[in-house]
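Okay, final15.pdb now, which holds PDB, C-alpha atoms:
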```
ATOM      1  CA  MET C1031     -30.357  16.975 -63.393
ATOM      2  CA  ALA C1032     -30.772  20.590 -62.336
ATOM      3  CA  THR C1033     -27.698  22.486 -61.297
ATOM      4  CA  ASN C1034     -27.400  25.376 -58.919
ATOM      5  CA  LYS C1035     -27.814  28.696 -60.740
ATOM      6  CA  ALA C1036     -25.188  30.306 -58.546
ATOM      7  CA  GLU C1037     -22.696  27.693 -59.726
ATOM      8  CA  GLN C1038     -23.578  28.346 -63.365
ATOM      9  CA  SER C1039     -23.006  32.096 -63.145
ATOM     10  CA  PRO C1040     -19.361  33.129 -62.716
ATOM     11  CA  LEU C1041     -20.497  36.719 -62.183
ATOM     12  CA  ARG C1042     -22.191  35.751 -58.942
ATOM     13  CA  ARG C1043     -19.110  33.974 -57.662
ATOM     14  CA  GLY C1044     -16.931  37.009 -58.340
ATOM     15  CA  PRO C1045     -13.203  37.068 -59.093
ATOM     16  CA  ASN C1046     -10.747  35.230 -56.882
ATOM     17  CA  LEU C1047      -8.881  38.001 -55.058
ATOM     18  CA  LYS C1048      -6.844  35.788 -52.739
ATOM     19  CA  PRO C1049      -3.640  35.842 -54.852
ATOM     20  CA  VAL C1050      -3.785  39.625 -55.139
ATOM     21  CA  THR C1051      -4.414  39.921 -51.401
ATOM     22  CA  TYR C1052      -1.450  37.692 -50.561
ATOM     23  CA  ILE C1053       0.822  39.615 -52.911
ATOM     24  CA  LEU C1054      -0.168  42.968 -51.404
ATOM     25  CA  LEU C1055       0.233  41.638 -47.859
ATOM     26  CA  THR C1056       3.663  40.238 -48.727
ATOM     27  CA  LEU C1057       4.782  43.557 -50.196
ATOM     28  CA  TRP C1058       3.481  45.432 -47.184
ATOM     29  CA  ALA C1059       5.259  43.021 -44.825
ATOM     30  CA  LEU C1060       8.542  43.553 -46.695
ATOM     31  CA  ILE C1061       8.148  47.327 -46.464
ATOM     32  CA  VAL C1062       7.404  47.197 -42.734
ATOM     33  CA  LEU C1063      10.132  44.672 -41.862
ATOM     34  CA  PHE C1064      12.918  46.134 -44.004
ATOM     35  CA  PRO C1065      13.965  48.829 -41.456
ATOM     36  CA  PHE C1066      14.326  46.123 -38.805
ATOM     37  CA  TYR C1067      16.390  43.986 -41.163
ATOM     38  CA  TRP C1068      18.618  46.946 -42.024
ATOM     39  CA  MET C1069      19.052  47.770 -38.340
ATOM     40  CA  LEU C1070      20.076  44.192 -37.500
ATOM     41  CA  LEU C1071      22.340  43.939 -40.557
ATOM     42  CA  SER C1072      24.139  47.188 -39.737
ATOM     43  CA  SER C1073      24.701  46.063 -36.146
ATOM     44  CA  LEU C1074      26.486  42.925 -37.410
ATOM     45  CA  LYS C1075      28.946  44.821 -39.638
ATOM     46  CA  SER C1076      32.294  45.992 -38.394
ATOM     47  CA  THR C1077      32.863  49.732 -38.262
ATOM     48  CA  ALA C1078      35.570  49.528 -40.902
ATOM     49  CA  ALA C1079      33.398  47.476 -43.266
ATOM     50  CA  TYR C1080      30.436  49.803 -42.770
ATOM     51  CA  ASN C1081      32.487  52.935 -43.452
ATOM     52  CA  ALA C1082      34.176  51.346 -46.475
ATOM     53  CA  GLU C1083      30.883  50.716 -48.299
ATOM     54  CA  LEU C1084      30.455  53.122 -51.178
ATOM     55  CA  THR C1085      27.008  51.694 -51.890
ATOM     56  CA  PRO C1086      24.818  50.025 -49.253
ATOM     57  CA  SER C1087      25.237  46.252 -49.013
ATOM     58  CA  PHE C1088      22.159  44.202 -48.213
ATOM     59  CA  PHE C1089      24.122  41.337 -46.633
ATOM     60  CA  THR C1090      27.436  40.678 -44.924
ATOM     61  CA  LEU C1091      29.761  37.688 -45.189
ATOM     62  CA  HIS C1092      31.633  38.536 -41.991
ATOM     63  CA  PRO C1093      29.134  39.251 -39.196
ATOM     64  CA  THR C1094      30.500  40.320 -35.827
ATOM     65  CA  LEU C1095      29.090  40.818 -32.328
ATOM     66  CA  GLU C1096      31.750  43.333 -31.364
ATOM     67  CA  ASN C1097      29.297  46.204 -31.751
ATOM     68  CA  TYR C1098      27.062  44.783 -29.012
ATOM     69  CA  SER C1099      30.016  44.552 -26.674
ATOM     70  CA  ALA C1100      31.048  48.111 -27.561
ATOM     71  CA  ALA C1101      27.525  49.383 -26.883
ATOM     72  CA  PHE C1102      27.667  48.088 -23.298
ATOM     73  CA  ARG C1103      31.319  48.979 -22.661
ATOM     74  CA  SER C1104      30.911  52.684 -23.437
ATOM     75  CA  GLN C1105      31.509  54.823 -20.349
ATOM     76  CA  ASP C1106      30.080  57.976 -21.929
ATOM     77  CA  GLU C1107      26.810  56.284 -22.939
ATOM     78  CA  PRO C1108      26.002  53.611 -20.304
ATOM     79  CA  LEU C1109      23.423  51.487 -22.119
ATOM     80  CA  GLY C1110      23.121  49.147 -19.126
ATOM     81  CA  ARG C1111      22.174  52.087 -16.912
ATOM     82  CA  TYR C1112      19.568  53.247 -19.420
ATOM     83  CA  LEU C1113      18.043  49.757 -19.464
ATOM     84  CA  LEU C1114      17.947  49.588 -15.659
ATOM     85  CA  ASN C1115      16.279  53.009 -15.407
ATOM     86  CA  THR C1116      13.683  51.978 -17.982
ATOM     87  CA  LEU C1117      13.017  48.674 -16.214
ATOM     88  CA  ILE C1118      12.440  50.435 -12.879
ATOM     89  CA  PHE C1119      10.204  53.033 -14.498
ATOM     90  CA  THR C1120       8.211  50.416 -16.428
ATOM     91  CA  VAL C1121       7.623  48.031 -13.513
ATOM     92  CA  ILE C1122       6.610  50.673 -10.962
ATOM     93  CA  THR C1123       4.456  52.625 -13.422
ATOM     94  CA  THR C1124       2.622  49.550 -14.706
ATOM     95  CA  ALA C1125       1.999  48.150 -11.212
ATOM     96  CA  SER C1126       0.758  51.504  -9.897
ATOM     97  CA  MET C1127      -1.500  52.046 -12.897
ATOM     98  CA  MET C1128      -3.062  48.592 -12.589
ATOM     99  CA  ILE C1129      -4.042  49.273  -8.964
ATOM    100  CA  VAL C1130      -5.620  52.601  -9.898
ATOM    101  CA  ILE C1131      -7.535  51.487 -12.994
ATOM    102  CA  VAL C1132      -8.778  48.204 -11.498
ATOM    103  CA  LEU C1133     -10.304  50.006  -8.501
ATOM    104  CA  ALA C1134     -11.711  52.790 -10.704
ATOM    105  CA  ALA C1135     -13.206  50.373 -13.230
ATOM    106  CA  PHE C1136     -14.789  48.294 -10.446
ATOM    107  CA  ALA C1137     -16.328  51.415  -8.894
ATOM    108  CA  PHE C1138     -17.853  52.538 -12.178
ATOM    109  CA  ALA C1139     -19.017  49.029 -13.126
ATOM    110  CA  ARG C1140     -20.511  47.735  -9.867
ATOM    111  CA  LEU C1141     -20.807  50.352  -7.139
ATOM    112  CA  LYS C1142     -23.960  52.444  -7.030
ATOM    113  CA  PHE C1143     -23.366  56.066  -6.073
ATOM    114  CA  LYS C1144     -24.943  59.373  -6.971
ATOM    115  CA  GLY C1145     -23.601  60.995 -10.118
ATOM    116  CA  ARG C1146     -21.730  57.891 -11.293
ATOM    117  CA  ASN C1147     -22.725  58.223 -14.951
ATOM    118  CA  VAL C1148     -22.052  61.970 -15.008
ATOM    119  CA  LEU C1149     -18.640  61.477 -13.428
ATOM    120  CA  PHE C1150     -17.748  58.751 -15.919
ATOM    121  CA  ALA C1151     -18.863  60.957 -18.806
ATOM    122  CA  LEU C1152     -16.576  63.701 -17.494
ATOM    123  CA  PHE C1153     -13.747  61.175 -17.343
ATOM    124  CA  LEU C1154     -14.315  60.225 -20.967
ATOM    125  CA  SER C1155     -14.444  63.881 -22.011
ATOM    126  CA  LEU C1156     -10.872  64.303 -20.720
ATOM    127  CA  MET C1157      -9.720  62.100 -23.604
ATOM    128  CA  MET C1158     -10.548  64.970 -25.966
ATOM    129  CA  ILE C1159      -8.005  67.302 -24.331
ATOM    130  CA  PRO C1160      -4.859  67.558 -26.496
ATOM    131  CA  ASN C1161      -1.917  65.731 -24.987
ATOM    132  CA  GLU C1162       0.287  68.801 -25.385
ATOM    133  CA  LEU C1163      -1.863  70.737 -22.913
ATOM    134  CA  VAL C1164      -1.672  67.896 -20.398
ATOM    135  CA  ILE C1165       2.118  67.711 -20.726
ATOM    136  CA  ILE C1166       2.470  71.455 -20.092
ATOM    137  CA  THR C1167       0.258  71.266 -16.993
ATOM    138  CA  ASN C1168       2.080  68.205 -15.685
ATOM    139  CA  PHE C1169       5.480  69.806 -16.269
ATOM    140  CA  VAL C1170       4.552  72.959 -14.332
ATOM    141  CA  THR C1171       3.204  70.819 -11.472
ATOM    142  CA  VAL C1172       6.216  68.514 -11.325
ATOM    143  CA  LYS C1173       8.629  71.443 -11.607
ATOM    144  CA  THR C1174       6.849  73.260  -8.758
ATOM    145  CA  LEU C1175       7.026  70.164  -6.551
ATOM    146  CA  GLY C1176      10.742  69.783  -7.278
ATOM    147  CA  LEU C1177      10.365  66.328  -8.846
ATOM    148  CA  THR C1178      12.719  66.866 -11.781
ATOM    149  CA  ASP C1179      16.332  65.674 -11.790
ATOM    150  CA  ASP C1180      17.729  69.138 -10.934
ATOM    151  CA  ALA C1181      18.431  68.117  -7.346
ATOM    152  CA  GLY C1182      20.026  64.824  -8.408
ATOM    153  CA  ASN C1183      17.694  62.812  -6.160
ATOM    154  CA  ALA C1184      16.779  59.548  -7.902
ATOM    155  CA  ILE C1185      13.662  58.864  -5.794
ATOM    156  CA  ARG C1186      12.175  62.312  -6.369
ATOM    157  CA  HIS C1187      13.035  62.181 -10.062
ATOM    158  CA  PHE C1188      11.430  58.771 -10.611
ATOM    159  CA  THR C1189       8.388  60.012  -8.713
ATOM    160  CA  GLY C1190       8.103  62.857 -11.209
ATOM    161  CA  LEU C1191       8.502  60.416 -14.097
ATOM    162  CA  ILE C1192       5.899  57.981 -12.800
ATOM    163  CA  LEU C1193       3.091  60.125 -11.368
ATOM    164  CA  PRO C1194       1.632  61.425 -14.680
ATOM    165  CA  SER C1195       1.429  57.861 -16.036
ATOM    166  CA  ILE C1196      -0.291  55.964 -13.210
ATOM    167  CA  THR C1197      -3.747  56.254 -14.693
ATOM    168  CA  SER C1198      -5.387  55.947 -18.099
ATOM    169  CA  ILE C1199      -8.951  56.856 -18.946
ATOM    170  CA  PHE C1200      -8.946  54.539 -21.951
ATOM    171  CA  TYR C1201      -7.817  51.545 -19.895
ATOM    172  CA  ILE C1202     -10.403  52.339 -17.209
ATOM    173  CA  TYR C1203     -13.074  52.377 -19.912
ATOM    174  CA  LEU C1204     -11.813  49.114 -21.428
ATOM    175  CA  LEU C1205     -11.748  47.339 -18.068
ATOM    176  CA  LYS C1206     -15.122  48.790 -17.017
ATOM    177  CA  GLU C1207     -16.749  47.381 -20.144
ATOM    178  CA  ASN C1208     -15.204  44.006 -19.360
ATOM    179  CA  PHE C1209     -16.396  44.080 -15.747
ATOM    180  CA  GLU C1210     -19.911  44.970 -16.849
ATOM    181  CA  SER C1211     -20.014  41.901 -19.099
ATOM    182  CA  ILE C1212     -19.811  39.718 -15.971
ATOM    183  CA  PRO C1213     -23.368  38.819 -14.822
ATOM    184  CA  GLU C1214     -24.483  41.054 -11.974
ATOM    185  CA  GLU C1215     -26.158  38.033 -10.358
ATOM    186  CA  LEU C1216     -22.703  36.832  -9.317
ATOM    187  CA  TYR C1217     -22.137  40.086  -7.459
ATOM    188  CA  LYS C1218     -25.509  39.939  -5.735
ATOM    189  CA  ALA C1219     -24.956  36.314  -4.722
ATOM    190  CA  ALA C1220     -21.546  37.189  -3.325
ATOM    191  CA  LYS C1221     -23.021  40.045  -1.282
ATOM    192  CA  VAL C1222     -25.680  37.699   0.107
ATOM    193  CA  ASP C1223     -22.872  35.372   1.255
ATOM    194  CA  GLY C1224     -21.217  38.281   3.034
ATOM    195  CA  THR C1225     -18.339  38.712   0.566
ATOM    196  CA  SER C1226     -16.723  42.139   0.663
ATOM    197  CA  ASP C1227     -16.342  44.189  -2.505
ATOM    198  CA  LEU C1228     -12.564  43.848  -2.427
ATOM    199  CA  LYS C1229     -12.698  40.064  -2.028
ATOM    200  CA  TYR C1230     -15.252  39.760  -4.844
ATOM    201  CA  LEU C1231     -13.023  41.870  -7.066
ATOM    202  CA  LEU C1232      -9.929  39.776  -6.337
ATOM    203  CA  LYS C1233     -11.541  36.322  -6.348
ATOM    204  CA  VAL C1234     -14.174  36.650  -9.077
ATOM    205  CA  MET C1235     -13.802  39.634 -11.382
ATOM    206  CA  LEU C1236     -10.036  39.662 -11.885
ATOM    207  CA  PRO C1237      -9.754  35.946 -12.796
ATOM    208  CA  ILE C1238     -12.637  36.246 -15.260
ATOM    209  CA  SER C1239     -11.126  39.396 -16.790
ATOM    210  CA  ARG C1240      -7.600  37.991 -17.005
ATOM    211  CA  PRO C1241      -7.290  38.273 -20.847
ATOM    212  CA  THR C1242      -8.118  41.977 -20.771
ATOM    213  CA  ILE C1243      -5.858  42.615 -17.778
ATOM    214  CA  VAL C1244      -2.941  40.827 -19.456
ATOM    215  CA  THR C1245      -3.537  42.902 -22.585
ATOM    216  CA  ILE C1246      -3.521  46.162 -20.627
ATOM    217  CA  ILE C1247      -0.314  45.186 -18.816
ATOM    218  CA  ILE C1248       1.470  44.349 -22.061
ATOM    219  CA  LEU C1249       0.327  47.528 -23.797
ATOM    220  CA  LYS C1250       1.367  49.628 -20.802
ATOM    221  CA  VAL C1251       4.793  47.974 -20.695
ATOM    222  CA  ILE C1252       5.276  48.792 -24.385
ATOM    223  CA  GLU C1253       4.095  52.359 -23.791
ATOM    224  CA  CYS C1254       6.512  52.872 -20.879
ATOM    225  CA  TRP C1255       9.418  51.281 -22.729
ATOM    226  CA  ASN C1256       8.894  53.599 -25.710
ATOM    227  CA  SER C1257       8.180  56.694 -23.618
ATOM    228  CA  TYR C1258      10.183  59.633 -24.950
ATOM    229  CA  VAL C1259       8.600  63.094 -24.735
ATOM    230  CA  TRP C1260       7.852  63.231 -20.994
ATOM    231  CA  PRO C1261      11.189  61.724 -19.814
ATOM    232  CA  ARG C1262      13.046  63.980 -22.240
ATOM    233  CA  LEU C1263      11.206  67.010 -20.874
ATOM    234  CA  ILE C1264      12.066  66.543 -17.190
ATOM    235  CA  THR C1265      15.388  64.682 -17.484
ATOM    236  CA  THR C1266      18.646  66.455 -18.195
ATOM    237  CA  LYS C1267      21.217  64.251 -16.458
ATOM    238  CA  PRO C1268      22.407  61.163 -18.417
ATOM    239  CA  GLN C1269      22.359  58.952 -15.323
ATOM    240  CA  PHE C1270      18.561  59.287 -15.261
ATOM    241  CA  PHE C1271      17.932  58.745 -18.999
ATOM    242  CA  LEU C1272      15.551  56.034 -20.186
ATOM    243  CA  VAL C1273      16.492  53.932 -23.211
ATOM    244  CA  SER C1274      14.604  56.137 -25.681
ATOM    245  CA  ASN C1275      16.379  59.257 -24.427
ATOM    246  CA  GLY C1276      19.671  57.379 -24.181
ATOM    247  CA  ILE C1277      19.512  56.229 -27.804
ATOM    248  CA  GLN C1278      18.724  59.790 -28.898
ATOM    249  CA  ASN C1279      21.668  61.044 -26.859
ATOM    250  CA  ILE C1280      23.933  58.448 -28.497
ATOM    251  CA  ARG C1281      22.719  59.534 -31.939
ATOM    252  CA  GLU C1282      23.329  63.201 -31.218
ATOM    253  CA  SER C1283      26.746  62.625 -29.669
ATOM    254  CA  GLY C1284      29.961  61.902 -31.521
ATOM    255  CA  ALA C1285      29.732  58.229 -30.553
ATOM    256  CA  GLY C1286      26.589  57.725 -32.622
ATOM    257  CA  ARG C1287      27.952  59.490 -35.666
ATOM    258  CA  ASP C1288      31.411  57.913 -35.598
ATOM    259  CA  ASN C1289      30.287  54.357 -34.887
ATOM    260  CA  VAL C1290      26.939  53.776 -36.556
ATOM    261  CA  PRO C1291      27.051  49.931 -36.215
ATOM    262  CA  ALA C1292      27.472  50.232 -32.425
ATOM    263  CA  MET C1293      24.516  52.610 -32.283
ATOM    264  CA  MET C1294      22.460  50.155 -34.336
ATOM    265  CA  ALA C1295      23.478  47.386 -31.913
ATOM    266  CA  ALA C1296      22.171  49.510 -29.040
ATOM    267  CA  VAL C1297      18.879  50.024 -30.886
ATOM    268  CA  VAL C1298      18.577  46.258 -31.451
ATOM    269  CA  VAL C1299      19.151  45.587 -27.740
ATOM    270  CA  VAL C1300      16.425  48.083 -26.856
ATOM    271  CA  SER C1301      13.959  46.794 -29.477
ATOM    272  CA  VAL C1302      14.285  43.033 -29.013
ATOM    273  CA  PRO C1303      12.480  42.808 -25.613
ATOM    274  CA  LEU C1304       9.364  44.500 -27.004
ATOM    275  CA  ILE C1305       9.368  42.411 -30.182
ATOM    276  CA  VAL C1306       9.679  39.184 -28.195
ATOM    277  CA  LEU C1307       6.989  40.328 -25.761
ATOM    278  CA  PHE C1308       4.558  41.073 -28.559
ATOM    279  CA  LEU C1309       5.254  37.807 -30.399
ATOM    280  CA  LEU C1310       4.718  35.782 -27.222
ATOM    281  CA  PHE C1311       1.471  37.493 -26.224
ATOM    282  CA  ARG C1312       0.007  38.675 -29.535
ATOM    283  CA  ASP C1313      -2.956  36.252 -29.263
ATOM    284  CA  LYS C1314      -3.758  37.455 -25.739
ATOM    285  CA  ILE C1315      -3.554  41.080 -26.860
ATOM    286  CA  MET C1316      -6.027  40.529 -29.689
ATOM    287  CA  ALA C1317      -8.335  38.413 -27.521
ATOM    288  CA  GLY C1318      -8.243  40.916 -24.665
ATOM    289  CA  VAL C1319      -9.052  43.920 -26.852
ATOM    290  CA  SER C1320     -11.956  42.165 -28.579
ATOM    291  CA  ARG C1321     -13.263  40.836 -25.265
ATOM    292  CA  GLY C1322     -13.029  44.249 -23.635
ATOM    293  CA  GLY C1323     -15.142  45.800 -26.379
ATOM    294  CA  THR C1324     -17.878  43.133 -26.261
ATOM    295  CA  LYS C1325     -20.658  43.169 -23.716
ATOM    296  CA  GLY C1326     -23.187  40.488 -22.878
TER     297      GLY C1326
END
```

Represent the supplied structure as structure tokens.
Amino acid sequence: MATNKAEQSPLRRGPNLKPVTYILLTLWALIVLFPFYWMLLSSLKSTAAYNAELTPSFFTLHPTLENYSAAFRSQDEPLGRYLLNTLIFTVITTASMMIVIVLAAFAFARLKFKGRNVLFALFLSLMMIPNELVIITNFVTVKTLGLTDDAGNAIRHFTGLILPSITSIFYIYLLKENFESIPEELYKAAKVDGTSDLKYLLKVMLPISRPTIVTIIILKVIECWNSYVWPRLITTKPQFFLVSNGIQNIRESGAGRDNVPAMMAAVVVVSVPLIVLFLLFRDKIMAGVSRGGTKG
């Protein structure tokens, strides 16, 4: 009985690289996760135990939650206030950006107007401008309009924080590609029935594009939560700090140097929401990105 030649030749099958792949992935996972483990471990050690260690200990037999309580009780570094500021900034910025990019993406994907392709190409070309130049321009503009925290006005200061972040060329492009993958016949049929553009957008395009929209929202929330350079540039008063600037301020102050476990507890509190958010929606993020980049 004849046998398959491919089965007879081990050279054609090639070596089995799965064990090597798993080993490398495991090592890489340990390298990536170790800083998080060390951060959590340090936050569970008492200050006395942490300071008494001559050599680093990779476990503790007497974990404590006192550091988390100390992180929130501090009057000099109000972690709760930092979290509230960041929550306000994140929610308003994300909501404002979604309104802007959804309308812009719909206009570029469905509306016919003169110079549409040229205008979109100019939009894409803005992505090649270095971010440092944009930050300088935005800072001069915000400073001229008096939207920094110099006056101590929370509304004006948050306006200065939010305005430069309410649009994203990349997200407009991603959503436009997703909108264009929806058959144009649906749009024409809706127009024949007398459906307005806004109603078609809300009732047809947004539900179909939900995976991509959810992905953009999650990525924007993570971006706002981790925002550091721009808030640091226009914020000088601690009562207006976001969590990233607050943690840096704790590290630079005596509190961060004298009580490292409490500082680590603050970092854990700031990091956990993003980690949980990503773990809950990781499938939607991957599906939304791949869907946004696929047409037809």

Between stretch 1217-1260 of chain C and stretch 1303-1308 of chain C, at 12 Å or less, what are the per-residue closest atom pairs and their distances in Å? Count all atoms listed in the file, order by chain and rising residue number, and return it as a Markdown table.
```
| residue | atom | partner | partner_atom | distance |
| --- | --- | --- | --- | --- |
| C:Val1244 | CA | C:Leu1307 | CA | 11.8 |
| C:Thr1245 | CA | C:Phe1308 | CA | 10.2 |
| C:Ile1247 | CA | C:Leu1307 | CA | 11.2 |
| C:Ile1248 | CA | C:Leu1307 | CA | 7.8 |
| C:Leu1249 | CA | C:Phe1308 | CA | 9.1 |
| C:Lys1250 | CA | C:Leu1304 | CA | 11.3 |
| C:Val1251 | CA | C:Leu1304 | CA | 8.5 |
| C:Ile1252 | CA | C:Leu1304 | CA | 6.5 |
| C:Glu1253 | CA | C:Leu1304 | CA | 10.0 |
| C:Cys1254 | CA | C:Leu1304 | CA | 10.8 |
| C:Trp1255 | CA | C:Leu1304 | CA | 8.0 |
| C:Asn1256 | CA | C:Leu1304 | CA | 9.2 |
```

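Proximity ranking of C:Thr1116, C:Asn1097, C:Asn1168, C:Thr1056 relative to C:Asn1289 places C:Asn1097 first, based on all atoms listed in the file.
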
Expected selection from the PyMOL selection byres ((chain C and resi 1108) around 10), given as an MDAnalysis selection string:
chainID C and resid 1101:1107 1109:1113 1268:1269 1271 1273 1276 1280

Contacts of C:Val1298 at 10 Å (all atoms listed in the file; same-chain gap of 5+ positions) as JSON, numbers by chain
{"C": [1066, 1069, 1070, 1073, 1098, 1292, 1293, 1303]}

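Of the listed residues (C:Leu1095, C:Leu1133, C:Thr1189, C:Ala1295), C:Leu1133 comes nearest to C:Phe1209; the distances count all atoms listed in the file.
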
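Across C:Phe1119, C:Tyr1052, C:Phe1270, C:Tyr1067, the tightest approach to C:Ile1196 is made by C:Phe1119 when counting all atoms listed in the file.
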
Let me make sure I understand: among C:Trp1068, C:Phe1089, C:Phe1143, C:Phe1169, which one has the smallest atom-to-atom distance to C:Val1297 if we use all atoms listed in the file?
C:Trp1068

Go through stretch 1168-1250 of chain C residue by residue and, counting all atoms listed in the file, keep those with an atom at most 8 Å from stretch 1134-1140 of chain C; for each kept residue give the shortest atom pair and its distance in Å to one decimal, ordered by chain and increasing number, as CSV.
```
residue,atom,partner,partner_atom,distance
C:Ile1202,CA,C:Ala1135,CA,5.2
C:Tyr1203,CA,C:Ala1135,CA,7.0
C:Leu1205,CA,C:Ala1135,CA,5.9
C:Lys1206,CA,C:Ala1135,CA,4.5
C:Glu1207,CA,C:Ala1139,CA,7.6
C:Phe1209,CA,C:Ala1139,CA,6.2
C:Glu1210,CA,C:Ala1139,CA,5.6
C:Leu1231,CA,C:Phe1136,CA,7.5
```

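Here atom CA of C:Leu1156 stands at a distance of 14.2 Å from atom CA of C:Pro1194.
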
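Among the candidate residues C:Ala1059, C:Val1170, C:Leu1091, C:Met1127, the one lying nearest to C:Leu1071 is C:Leu1091, with distances computed using all atoms listed in the file.
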
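Of the listed residues C:Pro1291, C:Ser1226, C:Leu1204, C:Ile1199, the one whose atoms come nearest to C:Met1158 is C:Ile1199, with distances taken using only C-alpha atoms.
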
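The coordinates place atom CA of C:Thr1124 at 9.2 Å from atom CA of C:Ile1246.
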
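Taking atom CA of C:Gly1224 as the reference point, atom CA of C:Ile1212 is found at 19.1 Å.
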
Evaluate the PyMOL selection byres ((chain C and resi 1076) around 9) and record the selected residues as a list of chain:residue names, following the chain and residue labels used in the document.
C:Ser1072, C:Ser1073, C:Leu1074, C:Lys1075, C:Thr1077, C:Ala1078, C:Ala1079, C:Tyr1080, C:Asn1081, C:His1092, C:Pro1093, C:Thr1094, C:Leu1095, C:Glu1096, C:Asn1097, C:Pro1291, C:Ala1292

Any chance you could build stretch 1196-1207 of chain C out to N, CA and C atoms and write it as a tab-separated table (two decimals), keeping the file's coordinate frame?
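Wrote out06.tsv, looks like this:
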```
chain	number	residue	atom	x	y	z
C	1196	ILE	N	0.27	57.05	-14.03
C	1196	ILE	CA	-0.29	55.96	-13.21
C	1196	ILE	C	-1.79	55.79	-13.42
C	1197	THR	N	-2.35	56.49	-14.37
C	1197	THR	CA	-3.75	56.25	-14.69
C	1197	THR	C	-3.95	56.41	-16.19
C	1198	SER	N	-5.05	55.85	-16.68
C	1198	SER	CA	-5.39	55.95	-18.10
C	1198	SER	C	-6.90	55.83	-18.23
C	1199	ILE	N	-7.50	56.86	-18.78
C	1199	ILE	CA	-8.95	56.86	-18.95
C	1199	ILE	C	-9.37	55.77	-19.91
C	1200	PHE	N	-8.59	55.56	-20.97
C	1200	PHE	CA	-8.95	54.54	-21.95
C	1200	PHE	C	-8.91	53.15	-21.32
C	1201	TYR	N	-7.90	52.86	-20.53
C	1201	TYR	CA	-7.82	51.54	-19.90
C	1201	TYR	C	-8.91	51.36	-18.85
C	1202	ILE	N	-9.28	52.43	-18.15
C	1202	ILE	CA	-10.40	52.34	-17.21
C	1202	ILE	C	-11.68	51.99	-17.96
C	1203	TYR	N	-11.89	52.66	-19.10
C	1203	TYR	CA	-13.07	52.38	-19.91
C	1203	TYR	C	-13.06	50.93	-20.41
C	1204	LEU	N	-11.91	50.48	-20.90
C	1204	LEU	CA	-11.81	49.11	-21.43
C	1204	LEU	C	-12.10	48.09	-20.35
C	1205	LEU	N	-11.55	48.29	-19.16
C	1205	LEU	CA	-11.75	47.34	-18.07
C	1205	LEU	C	-13.16	47.43	-17.50
C	1206	LYS	N	-13.73	48.63	-17.48
C	1206	LYS	CA	-15.12	48.79	-17.02
C	1206	LYS	C	-16.08	48.01	-17.91
C	1207	GLU	N	-15.90	48.12	-19.22
C	1207	GLU	CA	-16.75	47.38	-20.14
C	1207	GLU	C	-16.62	45.88	-19.92
```
